[in-house]
Amino acid sequence: MLYIIGLGLNEKGISQEGIKAVKKCKKIYLENYTVEIPYSAKQLEENLGKKIIIVDREFVEKFKVFEEVKKESIALLVYGSPLTATTHISLIQEAKKRKIEYKILYNASILDAIGETGLQLYKFGKIASMPKWDENKNYKPESFIEIIKENKSIKAHSLILIDIGLEFSKALEQLEISAENKKIKLDRIIICSMLGTKNSKIFYDTIENFKDKKINSPFCFIIPSELHFIEREVLENYKF
């Protein structure tokens with residue numbers, strides 16, 4: 001059996017069902033390439049009482065786990081909820097093809113936690129990812145700003161997920177440059193940092209006022225569209 005287990009948003013967020021599944025497994029893998037996990041693998045090991053093996057994108061996307069899962073139960077731990085990343089959907093599709101039993105154990109994700117901003121979840125449009133630009137290779141994709149533009153056209157909020165390894169100051173710079181290139185006016189934005197942890201922070205201000213701030217990873221940007229008066233009222237509490 002392959003267990004794909006969501007960890008939730010902090011080191012103690014795994015469900016009771018997830019803990020029971022982990023205890024049944026011979027090996028416990030943790031994928032660490034979709035988001036910067038705000039705690040160490042050692043902390044997780046202490047909470048679960050099991051040794052954890054960290055695996056990279058190649059291990060998961062090349063389906064290497066299937067070489068072992070036919071012999072014994074294996075757990076793949078995923079930060080947040082398992083199916084917010086397409087990699088894990090592909091894993092399930094491959095398990096079906098190979099007739100391998102699997103079980104998905106869901107948990108809280110960033111998509112739940114952003115509700116704390118006060119923005120109404122059904123008013124969000126498409127979700128975008130911001131990749132890290134590479135100046136040397138002239139790699140500067142701006143698809144995320146096109147999604148913001150599209151969402152604004154239907155008065156929808158935009159959630160921008162930040163790629164692992166992209167520091168806050170650079171991410172803010174990329175957002176500002178892309179908005180200028182595409183002639184999109186950005187007023188106040190929302191920054192969510194380490195949501196669901198004891199160090200959770202939400203800030204609401206202009207891009208200019210964020211430039212000298214230190215924001216811890218993982219973080220995301222939210223570009224609000226037209227605000228309901230209740231949304232505006234809640235956001236006012238998150239100003240610097």
# chains A, B, ... in the order shown; residues from 1 in each chain; ligands from 1
>>> residues_around(residues="Phe219 (chain A)", least_positions_apart="5", cutoff="12 Å", atoms="only C-alpha atoms", output="JSON, numbers by chain")
{"A": [35, 36, 37, 38, 110, 113, 114, 129, 130, 159, 160, 161, 162, 163, 164, 165, 166, 167, 168, 169, 171, 172, 190, 191, 192, 193, 194, 195, 196, 197, 199, 200, 201, 202, 203, 214]}
>>> write_last_selection(atoms="N, CA and C atoms", output="CSV table (one decimal), in the first residue's frame")
chain,number,residue,atom,x,y,z
A,35,VAL,N,7.6,23.1,-1.7
A,35,VAL,CA,7.5,24.3,-0.9
A,35,VAL,C,8.6,24.2,0.2
A,36,GLU,N,9.0,25.4,0.7
A,36,GLU,CA,9.9,25.4,1.8
A,36,GLU,C,9.2,25.1,3.1
A,37,ILE,N,9.5,23.9,3.7
A,37,ILE,CA,8.8,23.5,4.9
A,37,ILE,C,9.3,24.3,6.1
A,38,PRO,N,8.4,24.8,6.9
A,38,PRO,CA,8.8,25.8,8.0
A,38,PRO,C,9.3,25.1,9.3
A,110,ILE,N,-2.5,25.8,2.1
A,110,ILE,CA,-2.5,27.2,2.0
A,110,ILE,C,-3.8,27.7,1.5
A,113,ALA,N,-5.8,28.2,4.6
A,113,ALA,CA,-5.3,29.1,5.5
A,113,ALA,C,-5.5,30.6,5.1
A,114,ILE,N,-5.5,30.8,3.7
A,114,ILE,CA,-5.6,32.2,3.3
A,114,ILE,C,-7.0,32.8,3.7
A,129,SER,N,1.8,30.5,-10.0
A,129,SER,CA,3.1,30.3,-9.3
A,129,SER,C,4.1,31.3,-9.9
A,130,MET,N,4.9,31.8,-9.0
A,130,MET,CA,6.0,32.7,-9.4
A,130,MET,C,7.3,32.0,-9.4
A,159,LEU,N,-4.1,34.6,-5.9
A,159,LEU,CA,-3.1,34.0,-5.0
A,159,LEU,C,-1.9,33.6,-5.9
A,160,ILE,N,-0.8,34.1,-5.4
A,160,ILE,CA,0.5,33.8,-6.1
A,160,ILE,C,1.4,33.0,-5.2
A,161,LEU,N,1.6,31.8,-5.6
A,161,LEU,CA,2.5,30.9,-4.8
A,161,LEU,C,3.9,31.1,-5.3
A,162,ILE,N,4.8,31.1,-4.3
A,162,ILE,CA,6.2,31.5,-4.6
A,162,ILE,C,7.1,30.2,-4.6
A,163,ASP,N,7.8,30.0,-5.7
A,163,ASP,CA,8.7,28.9,-5.8
A,163,ASP,C,9.7,28.8,-4.7
A,164,ILE,N,10.1,27.6,-4.4
A,164,ILE,CA,11.1,27.3,-3.4
A,164,ILE,C,12.4,27.9,-3.8
A,165,GLY,N,13.1,28.6,-2.8
A,165,GLY,CA,14.4,29.2,-3.1
A,165,GLY,C,14.3,30.6,-3.5
A,166,LEU,N,13.1,31.2,-3.7
A,166,LEU,CA,13.0,32.6,-4.1
A,166,LEU,C,12.8,33.4,-2.9
A,167,GLU,N,13.7,34.3,-2.6
A,167,GLU,CA,13.7,35.1,-1.4
A,167,GLU,C,12.7,36.2,-1.6
A,168,PHE,N,12.2,36.7,-0.4
A,168,PHE,CA,11.1,37.7,-0.5
A,168,PHE,C,11.5,38.9,-1.3
A,169,SER,N,12.6,39.5,-1.0
A,169,SER,CA,13.0,40.8,-1.7
A,169,SER,C,13.0,40.6,-3.2
A,171,ALA,N,11.3,38.2,-4.9
A,171,ALA,CA,10.0,37.9,-5.4
A,171,ALA,C,9.2,39.2,-5.5
A,172,LEU,N,9.4,40.1,-4.6
A,172,LEU,CA,8.7,41.4,-4.6
A,172,LEU,C,9.2,42.2,-5.8
A,190,ILE,N,-1.3,41.7,-0.2
A,190,ILE,CA,-1.3,41.0,1.0
A,190,ILE,C,-0.1,40.0,1.0
A,191,ILE,N,0.6,39.9,2.0
A,191,ILE,CA,1.7,39.0,2.2
A,191,ILE,C,1.3,38.0,3.3
A,192,CYS,N,1.3,36.7,3.0
A,192,CYS,CA,1.1,35.7,4.1
A,192,CYS,C,2.4,34.9,4.3
A,193,SER,N,2.8,34.8,5.5
A,193,SER,CA,4.0,34.2,5.9
A,193,SER,C,3.8,33.1,6.9
A,194,MET,N,4.3,31.9,6.6
A,194,MET,CA,4.2,30.8,7.6
A,194,MET,C,2.8,30.5,8.2
A,195,LEU,N,1.8,30.6,7.3
A,195,LEU,CA,0.4,30.4,7.8
A,195,LEU,C,0.3,29.0,8.4
A,196,GLY,N,-0.5,29.0,9.5
A,196,GLY,CA,-0.7,27.7,10.2
A,196,GLY,C,0.3,27.3,11.2
A,197,THR,N,1.4,28.1,11.3
A,197,THR,CA,2.4,27.9,12.3
A,197,THR,C,2.3,28.9,13.5
A,199,ASN,N,4.4,31.0,14.1
A,199,ASN,CA,5.0,32.3,13.6
A,199,ASN,C,4.2,32.9,12.4
A,200,SER,N,2.9,32.5,12.3
A,200,SER,CA,2.1,33.0,11.2
A,200,SER,C,1.9,34.5,11.2
A,201,LYS,N,2.1,35.1,10.0
A,201,LYS,CA,1.9,36.5,9.9
A,201,LYS,C,1.2,36.9,8.6
A,202,ILE,N,0.4,37.9,8.7
A,202,ILE,CA,-0.4,38.5,7.5
A,202,ILE,C,-0.1,40.0,7.5
A,203,PHE,N,0.3,40.5,6.3
A,203,PHE,CA,0.5,41.9,6.2
A,203,PHE,C,-0.3,42.5,5.0
A,214,LYS,N,11.6,42.2,6.4
A,214,LYS,CA,12.0,40.8,6.3
A,214,LYS,C,10.8,39.9,6.5
>>> residues_around(residues="region 63-78 of chain A", least_positions_apart="4", cutoff="8 Å", atoms="only C-alpha atoms", output="ChimeraX atom specification")
/A:1-7,21-22,24-32,59,82,91,94-95,100
>>> select_by_dssp(residues="region 77-139 of chain A", states="strand (DSSP E or B)", output="ChimeraX atom specification")
/A:77-78,80,102-105,124-130,134,139
>>> residues_around(residues="Lys12 (chain A)", least_positions_apart="5", cutoff="12 Å", atoms="only C-alpha atoms", output="list of chain:residue names")
A:Gly6, A:Leu7, A:Gly18, A:Ile19, A:Pro38, A:Tyr39, A:Ser40, A:Gln43, A:Leu44, A:Glu45, A:Glu46, A:Asn47, A:Leu48, A:Tyr79, A:Gly80, A:Asn107, A:Ala108, A:Gly196, A:Thr197, A:Lys198
>>> select_by_dssp(residues="region 12-186 of chain A", states="helix (DSSP H, G or I)", output="ChimeraX atom specification")
/A:16-24,41-48,57-61,66-69,82-84,86-97,110-117,121-123,143-153,168-181
>>> closest_residue(among="A:Leu111, A:Ile177, A:Leu119, A:Leu105", to="Glu17 (chain A)", atoms="only C-alpha atoms")
A:Leu105
>>> atom_distance(atom1="CA of Gly118 (chain A)", atom2="CA of Ile230 (chain A)")
7.6 Å
>>> decode(residues="region 14-144 of chain A", atoms="C-alpha atoms", output="mmCIF file, in the first residue's frame")
data_model
loop_
_atom_site.group_PDB
_atom_site.id
_atom_site.type_symbol
_atom_site.label_atom_id
_atom_site.label_comp_id
_atom_site.auth_asym_id
_atom_site.auth_seq_id
_atom_site.Cartn_x
_atom_site.Cartn_y
_atom_site.Cartn_z
ATOM 1 C CA ILE A 14 -0.655 15.442 10.679
ATOM 2 C CA SER A 15 -4.025 13.785 11.386
ATOM 3 C CA GLN A 16 -4.612 10.829 13.692
ATOM 4 C CA GLU A 17 -5.382 8.769 10.601
ATOM 5 C CA GLY A 18 -2.050 9.864 9.124
ATOM 6 C CA ILE A 19 -0.168 8.838 12.274
ATOM 7 C CA LYS A 20 -1.803 5.393 12.199
ATOM 8 C CA ALA A 21 -0.817 4.972 8.559
ATOM 9 C CA VAL A 22 2.791 5.990 9.265
ATOM 10 C CA LYS A 23 3.046 3.340 11.977
ATOM 11 C CA LYS A 24 2.092 0.652 9.435
ATOM 12 C CA CYS A 25 4.814 1.664 6.992
ATOM 13 C CA LYS A 26 8.310 0.255 6.643
ATOM 14 C CA LYS A 27 9.683 3.409 5.036
ATOM 15 C CA ILE A 28 8.604 7.036 5.402
ATOM 16 C CA TYR A 29 9.544 9.451 2.646
ATOM 17 C CA LEU A 30 9.204 13.237 2.779
ATOM 18 C CA GLU A 31 9.200 15.228 -0.442
ATOM 19 C CA ASN A 32 10.796 18.648 0.030
ATOM 20 C CA TYR A 33 10.772 20.291 -3.390
ATOM 21 C CA THR A 34 7.289 21.828 -3.769
ATOM 22 C CA VAL A 35 7.502 24.278 -0.863
ATOM 23 C CA GLU A 36 9.918 25.395 1.843
ATOM 24 C CA ILE A 37 8.777 23.463 4.901
ATOM 25 C CA PRO A 38 8.814 25.750 7.976
ATOM 26 C CA TYR A 39 10.267 23.132 10.294
ATOM 27 C CA SER A 40 12.978 20.478 10.160
ATOM 28 C CA ALA A 41 12.667 16.796 9.299
ATOM 29 C CA LYS A 42 14.112 16.102 12.740
ATOM 30 C CA GLN A 43 11.149 17.825 14.405
ATOM 31 C CA LEU A 44 8.809 15.691 12.338
ATOM 32 C CA GLU A 45 10.738 12.528 13.240
ATOM 33 C CA GLU A 46 10.401 13.369 16.930
ATOM 34 C CA ASN A 47 6.643 13.835 16.610
ATOM 35 C CA LEU A 48 6.112 10.652 14.603
ATOM 36 C CA GLY A 49 8.698 8.472 16.311
ATOM 37 C CA LYS A 50 9.914 7.207 12.913
ATOM 38 C CA LYS A 51 12.956 7.834 10.718
ATOM 39 C CA ILE A 52 12.180 10.008 7.705
ATOM 40 C CA ILE A 53 13.968 9.859 4.343
ATOM 41 C CA ILE A 54 13.961 13.122 2.369
ATOM 42 C CA VAL A 55 13.427 12.649 -1.375
ATOM 43 C CA ASP A 56 13.757 14.992 -4.317
ATOM 44 C CA ARG A 57 11.604 15.689 -7.372
ATOM 45 C CA GLU A 58 13.294 12.971 -9.451
ATOM 46 C CA PHE A 59 12.491 10.271 -6.893
ATOM 47 C CA VAL A 60 8.797 11.136 -6.988
ATOM 48 C CA GLU A 61 8.374 12.010 -10.664
ATOM 49 C CA LYS A 62 10.329 8.962 -11.867
ATOM 50 C CA PHE A 63 8.012 6.789 -9.719
ATOM 51 C CA LYS A 64 10.941 5.199 -7.883
ATOM 52 C CA VAL A 65 8.714 4.540 -4.878
ATOM 53 C CA PHE A 66 6.886 1.821 -6.847
ATOM 54 C CA GLU A 67 10.014 -0.344 -6.809
ATOM 55 C CA GLU A 68 9.467 -0.818 -3.061
ATOM 56 C CA VAL A 69 5.744 -0.479 -2.542
ATOM 57 C CA LYS A 70 4.947 -3.889 -4.057
ATOM 58 C CA LYS A 71 6.872 -5.512 -1.199
ATOM 59 C CA GLU A 72 5.834 -3.334 1.743
ATOM 60 C CA SER A 73 3.708 -0.358 2.765
ATOM 61 C CA ILE A 74 5.352 2.986 2.062
ATOM 62 C CA ALA A 75 4.332 6.503 3.147
ATOM 63 C CA LEU A 76 5.024 9.662 1.171
ATOM 64 C CA LEU A 77 4.616 12.742 3.349
ATOM 65 C CA VAL A 78 3.613 15.983 1.658
ATOM 66 C CA TYR A 79 3.528 19.425 3.249
ATOM 67 C CA GLY A 80 -0.002 20.829 3.315
ATOM 68 C CA SER A 81 -2.479 18.684 1.417
ATOM 69 C CA PRO A 82 -1.251 15.999 -1.026
ATOM 70 C CA LEU A 83 -3.078 16.986 -4.194
ATOM 71 C CA THR A 84 -2.301 20.693 -4.393
ATOM 72 C CA ALA A 85 0.706 19.742 -6.557
ATOM 73 C CA THR A 86 0.234 18.056 -9.948
ATOM 74 C CA THR A 87 3.237 15.785 -9.302
ATOM 75 C CA HIS A 88 1.219 13.835 -6.784
ATOM 76 C CA ILE A 89 -1.771 13.462 -9.100
ATOM 77 C CA SER A 90 0.615 11.901 -11.631
ATOM 78 C CA LEU A 91 1.790 9.514 -8.909
ATOM 79 C CA ILE A 92 -1.788 8.362 -8.332
ATOM 80 C CA GLN A 93 -2.405 7.910 -12.055
ATOM 81 C CA GLU A 94 0.705 5.742 -12.301
ATOM 82 C CA ALA A 95 -0.382 3.691 -9.275
ATOM 83 C CA LYS A 96 -3.699 2.979 -11.036
ATOM 84 C CA LYS A 97 -1.893 1.848 -14.193
ATOM 85 C CA ARG A 98 0.321 -0.498 -12.196
ATOM 86 C CA LYS A 99 -2.626 -1.735 -10.119
ATOM 87 C CA ILE A 100 -0.943 -0.620 -6.905
ATOM 88 C CA GLU A 101 -3.132 0.107 -3.911
ATOM 89 C CA TYR A 102 -2.926 3.629 -2.575
ATOM 90 C CA LYS A 103 -4.662 5.827 -0.029
ATOM 91 C CA ILE A 104 -4.724 9.620 0.120
ATOM 92 C CA LEU A 105 -4.961 11.295 3.522
ATOM 93 C CA TYR A 106 -5.903 14.930 3.119
ATOM 94 C CA ASN A 107 -5.042 17.847 5.369
ATOM 95 C CA ALA A 108 -5.096 21.654 5.588
ATOM 96 C CA SER A 109 -3.240 23.615 2.911
ATOM 97 C CA ILE A 110 -2.485 27.210 1.993
ATOM 98 C CA LEU A 111 -5.821 27.223 0.160
ATOM 99 C CA ASP A 112 -7.594 26.877 3.511
ATOM 100 C CA ALA A 113 -5.287 29.137 5.503
ATOM 101 C CA ILE A 114 -5.645 32.219 3.285
ATOM 102 C CA GLY A 115 -9.206 32.509 4.599
ATOM 103 C CA GLU A 116 -7.605 34.139 7.651
ATOM 104 C CA THR A 117 -6.973 37.250 5.532
ATOM 105 C CA GLY A 118 -10.711 37.897 5.546
ATOM 106 C CA LEU A 119 -10.968 37.510 1.769
ATOM 107 C CA GLN A 120 -13.884 35.360 0.655
ATOM 108 C CA LEU A 121 -12.512 32.155 -0.854
ATOM 109 C CA TYR A 122 -15.130 31.904 -3.581
ATOM 110 C CA LYS A 123 -13.931 35.282 -4.904
ATOM 111 C CA PHE A 124 -10.464 33.940 -5.803
ATOM 112 C CA GLY A 125 -9.680 33.352 -9.468
ATOM 113 C CA LYS A 126 -6.912 31.257 -11.003
ATOM 114 C CA ILE A 127 -3.919 30.453 -8.813
ATOM 115 C CA ALA A 128 -0.479 31.306 -10.197
ATOM 116 C CA SER A 129 3.093 30.321 -9.348
ATOM 117 C CA MET A 130 6.013 32.709 -9.426
ATOM 118 C CA PRO A 131 9.239 30.984 -10.534
ATOM 119 C CA LYS A 132 12.716 32.216 -9.688
ATOM 120 C CA TRP A 133 14.185 34.212 -12.549
ATOM 121 C CA ASP A 134 17.623 33.343 -13.885
ATOM 122 C CA GLU A 135 19.377 36.426 -15.280
ATOM 123 C CA ASN A 136 22.222 34.367 -16.764
ATOM 124 C CA LYS A 137 19.862 32.270 -18.883
ATOM 125 C CA ASN A 138 17.502 35.169 -19.602
ATOM 126 C CA TYR A 139 14.766 33.152 -17.907
ATOM 127 C CA LYS A 140 12.136 35.652 -16.795
ATOM 128 C CA PRO A 141 8.662 34.120 -17.177
ATOM 129 C CA GLU A 142 5.793 36.480 -16.379
ATOM 130 C CA SER A 143 2.793 34.157 -16.725
ATOM 131 C CA PHE A 144 1.806 34.937 -13.131
#
